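Just below is one structure, and these are the notes that go with it.
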Amino acid sequence: LQETFKRFTNIPSVSNRPTMLFHGINSIMCLDQYTGTYFGPCSTTINPDVARGFAGKNGMILVIKPEIDLNETDYGVLDISWISDYPNESEYLLFDHKINIETWILSSDYDQYWHYYQETLIKRVIIEAPFGHLSYQKQQQIPKLLAKLKKLIDEKDVKSDDVIKRKQEINFGKDVLNEQEKIELLIW
């Protein structure tokens, strides 16, 4: 698989790589990291409707920005729709790839605000969010804010009745963020 990716990465005709990919997960889960290298193969699509189909009604859609600079990641994004039994899925495969999870969208939100997400994700038009719903631009801020918040967490083991529990506290006194970033978190 590594050899295949390496060979296809070096073909100039496949150098037009997508800058936004979607991946459906059939449950809602907490993510503890939003950037890094995803090791192994990962199936993605350029069509959020396809990702929504894989997410199911109780899942979520990850919006992924793959690294396109081959000096920063070992392999390129590989378009495999031409060999797929389902070419309409517009499938792209990632392998040991550096990614940034820009945000996630719950399936229920995607269904309810489908027209909004079509404009925002497909046409890439910035429009006002539906009443009572976060704009896509504000949704993009959530992973960034959570990553900052994670830096402020202190963990310690607490023994109670012969049971050890891990206690987490947010410590705004830590010197890992500047004052403006701390204020931004408090306002959020």
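As shown in the structure tokens, the chain order sets the letters A, B, ...; within each chain, residues go from 1, and ligands are also counted from 1 in the order they appear.
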
Selection near segment 106-110 of chain A, 7 Å with only C-alpha atoms, sequence-local residues under 6 positions removed, as number ranges by chain: A: 52, 55-61, 117

Grab the residues selected above and save them as an mmCIF file, in the first residue's frame with N, CA and C atoms.
```cif
data_model
loop_
_atom_site.group_PDB
_atom_site.id
_atom_site.type_symbol
_atom_site.label_atom_id
_atom_site.label_comp_id
_atom_site.auth_asym_id
_atom_site.auth_seq_id
_atom_site.Cartn_x
_atom_site.Cartn_y
_atom_site.Cartn_z
ATOM 1 N N ARG A 52 -22.341 12.137 4.929
ATOM 2 C CA ARG A 52 -23.560 12.102 5.749
ATOM 3 C C ARG A 52 -24.205 10.720 5.673
ATOM 4 N N ALA A 55 -22.359 8.534 7.934
ATOM 5 C CA ALA A 55 -22.518 8.938 9.326
ATOM 6 C C ALA A 55 -23.819 8.406 9.931
ATOM 7 N N GLY A 56 -24.838 8.212 9.108
ATOM 8 C CA GLY A 56 -26.121 7.782 9.652
ATOM 9 C C GLY A 56 -26.791 8.915 10.408
ATOM 10 N N LYS A 57 -27.991 8.654 10.898
ATOM 11 C CA LYS A 57 -28.762 9.730 11.530
ATOM 12 C C LYS A 57 -28.218 10.134 12.897
ATOM 13 N N ASN A 58 -27.426 9.287 13.533
ATOM 14 C CA ASN A 58 -26.906 9.591 14.866
ATOM 15 C C ASN A 58 -25.403 9.850 14.873
ATOM 16 N N GLY A 59 -24.828 10.139 13.718
ATOM 17 C CA GLY A 59 -23.386 10.310 13.629
ATOM 18 C C GLY A 59 -22.960 11.745 13.420
ATOM 19 N N MET A 60 -21.753 11.871 12.871
ATOM 20 C CA MET A 60 -21.207 13.194 12.604
ATOM 21 C C MET A 60 -20.296 13.140 11.382
ATOM 22 N N ILE A 61 -20.105 14.291 10.794
ATOM 23 C CA ILE A 61 -19.254 14.437 9.616
ATOM 24 C C ILE A 61 -18.020 15.234 10.031
ATOM 25 N N TYR A 117 -25.531 24.207 4.506
ATOM 26 C CA TYR A 117 -24.255 23.502 4.333
ATOM 27 C C TYR A 117 -23.910 23.298 2.857
#
```

Residue with smallest distance to Lys144 of chain A - pool A:Ile183, A:Ile170, A:Ile101, A:Ile80, counting only C-alpha atoms: A:Ile101

Backbone DSSP call of strand (DSSP E) for segment 7-153 of chain A, listed as a VMD selection string: chain A and resid 21 to 25 35 to 45 60 to 66 78 to 79 91 to 106 153

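Residues in contact with segment 7-9 of chain A at 12 Å, where only C-alpha atoms are counted and same-chain residues fewer than 5 positions away are skipped, are listed as Leu1, Gln2, Val14, Ser15, Asn16, Arg17, Ile68, Asp69, Leu70, Asn71, Thr73, Asp74, Tyr75, Gly76, Val77, Leu78, Asp79, Ile80, Leu93, Leu94, Phe95 and His97 of chain A.
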
Atom-to-atom span, atom CA of Glu181 of chain A and atom CA of Lys65 of chain A, Å: 23.7 Å

Pairwise distance for atom CA of Ser90 of chain A and atom CA of Phe22 of chain A, rounded to one decimal in Å: 10.5 Å

Please extract the residues of segment 6-151 of chain A with a backbone DSSP assignment of alpha helix (DSSP H) and present them as a compact mmCIF listing (two decimals) with N, CA and C atoms, in the first residue's frame.
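Everything below was put into result_13.txt:
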```txt
# COMPACT_ATOMS: atom_id res chain seq x y z
N LYS A 6 3.06 5.99 -2.83
CA LYS A 6 4.25 6.72 -3.23
C LYS A 6 4.27 6.93 -4.75
N ARG A 7 3.93 5.88 -5.49
CA ARG A 7 3.93 5.99 -6.96
C ARG A 7 2.86 6.97 -7.45
N PHE A 8 1.66 6.87 -6.90
CA PHE A 8 0.59 7.76 -7.34
C PHE A 8 0.82 9.19 -6.88
N THR A 9 1.49 9.36 -5.76
CA THR A 9 1.79 10.70 -5.27
C THR A 9 2.69 11.44 -6.26
N PRO A 48 -20.02 16.14 0.90
CA PRO A 48 -20.52 15.98 2.27
C PRO A 48 -21.78 15.11 2.36
N ASP A 49 -22.57 15.05 1.29
CA ASP A 49 -23.76 14.19 1.29
C ASP A 49 -23.36 12.71 1.40
N VAL A 50 -22.27 12.33 0.77
CA VAL A 50 -21.78 10.95 0.86
C VAL A 50 -21.32 10.66 2.29
N ALA A 51 -20.57 11.60 2.87
CA ALA A 51 -20.12 11.42 4.26
C ALA A 51 -21.32 11.34 5.19
N ARG A 52 -22.34 12.14 4.93
CA ARG A 52 -23.56 12.10 5.75
C ARG A 52 -24.20 10.72 5.67
N GLY A 53 -24.19 10.10 4.48
CA GLY A 53 -24.75 8.76 4.34
C GLY A 53 -24.02 7.75 5.20
N PHE A 54 -22.70 7.86 5.29
CA PHE A 54 -21.93 6.95 6.14
C PHE A 54 -22.10 7.27 7.62
N ALA A 55 -22.36 8.53 7.93
CA ALA A 55 -22.52 8.94 9.33
C ALA A 55 -23.82 8.41 9.93
N SER A 107 -24.94 14.91 12.19
CA SER A 107 -25.85 14.52 11.11
C SER A 107 -27.19 15.23 11.23
N SER A 108 -27.68 15.35 12.45
CA SER A 108 -28.98 16.00 12.65
C SER A 108 -28.93 17.47 12.22
N ASP A 109 -27.82 18.16 12.49
CA ASP A 109 -27.67 19.55 12.04
C ASP A 109 -27.56 19.63 10.53
N TYR A 110 -26.80 18.70 9.96
CA TYR A 110 -26.63 18.69 8.50
C TYR A 110 -27.98 18.51 7.82
N ASP A 111 -28.79 17.59 8.35
CA ASP A 111 -30.11 17.35 7.77
C ASP A 111 -31.01 18.58 7.91
N GLN A 112 -31.02 19.16 9.10
CA GLN A 112 -31.90 20.30 9.36
C GLN A 112 -31.51 21.54 8.56
N TRP A 114 -29.52 21.61 5.68
CA TRP A 114 -28.89 21.08 4.47
C TRP A 114 -28.57 22.18 3.47
N HIS A 115 -29.51 23.07 3.20
CA HIS A 115 -29.28 24.14 2.21
C HIS A 115 -28.13 25.05 2.64
N TYR A 116 -28.05 25.34 3.91
CA TYR A 116 -26.97 26.17 4.43
C TYR A 116 -25.62 25.49 4.18
N TYR A 117 -25.53 24.21 4.51
CA TYR A 117 -24.25 23.50 4.33
C TYR A 117 -23.91 23.30 2.86
N TYR A 136 -20.80 28.43 10.09
CA TYR A 136 -19.69 27.52 9.84
C TYR A 136 -18.38 28.13 10.33
N GLN A 137 -18.24 29.43 10.18
CA GLN A 137 -17.02 30.10 10.64
C GLN A 137 -16.86 29.97 12.16
N LYS A 138 -17.96 30.06 12.89
CA LYS A 138 -17.89 29.88 14.35
C LYS A 138 -17.67 28.41 14.71
N GLN A 139 -18.22 27.51 13.92
CA GLN A 139 -17.99 26.08 14.15
C GLN A 139 -16.50 25.75 13.98
N GLN A 140 -15.85 26.43 13.05
CA GLN A 140 -14.42 26.20 12.82
C GLN A 140 -13.58 26.62 14.02
N GLN A 141 -14.10 27.53 14.83
CA GLN A 141 -13.36 28.00 16.00
C GLN A 141 -13.40 26.98 17.15
N ILE A 142 -14.41 26.12 17.20
CA ILE A 142 -14.57 25.20 18.32
C ILE A 142 -13.35 24.30 18.53
N PRO A 143 -12.85 23.59 17.50
CA PRO A 143 -11.66 22.76 17.75
C PRO A 143 -10.45 23.56 18.22
N LYS A 144 -10.29 24.77 17.70
CA LYS A 144 -9.16 25.61 18.10
C LYS A 144 -9.29 26.01 19.57
N LEU A 145 -10.50 26.36 19.99
CA LEU A 145 -10.72 26.75 21.37
C LEU A 145 -10.58 25.56 22.32
N LEU A 146 -11.07 24.41 21.89
CA LEU A 146 -10.94 23.21 22.72
C LEU A 146 -9.47 22.80 22.88
N ALA A 147 -8.69 22.96 21.83
CA ALA A 147 -7.26 22.65 21.91
C ALA A 147 -6.57 23.59 22.90
N LYS A 148 -6.97 24.87 22.91
CA LYS A 148 -6.39 25.81 23.88
C LYS A 148 -6.84 25.45 25.30
N LEU A 149 -8.12 25.11 25.44
CA LEU A 149 -8.64 24.75 26.74
C LEU A 149 -7.92 23.52 27.31
N LYS A 150 -7.61 22.58 26.44
CA LYS A 150 -6.91 21.36 26.86
C LYS A 150 -5.55 21.68 27.49
N LYS A 151 -4.91 22.74 27.01
CA LYS A 151 -3.61 23.13 27.56
C LYS A 151 -3.71 23.59 29.02
```

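You will find atom CA of Pro18 of chain A at 9.7 Å from atom CA of Glu67 of chain A.
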
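Considering the residues A:Val63, A:Ile122, A:Ile105, A:Tyr92 and counting only C-alpha atoms, Ile28 of chain A has its shortest atom-to-atom contact with A:Ile105.
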
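Near Tyr38 of chain A, within a cut-off of 7 Å and counting only C-alpha atoms, sit the residues Asp96, His97, Lys98 and Ile99 of chain A, with same-chain residues fewer than 4 positions away left out.
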
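When only C-alpha atoms are used to compute distances to Asn26 of chain A, the closest of the residues A:Asn10, A:Glu119, A:Leu62, A:Trp188 turns out to be A:Leu62.
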
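The nearest approach to Asn100 of chain A among the residues A:Cys42, A:Leu186, A:Ile64, A:Ile153, with only C-alpha atoms taken into account, belongs to A:Ile64.
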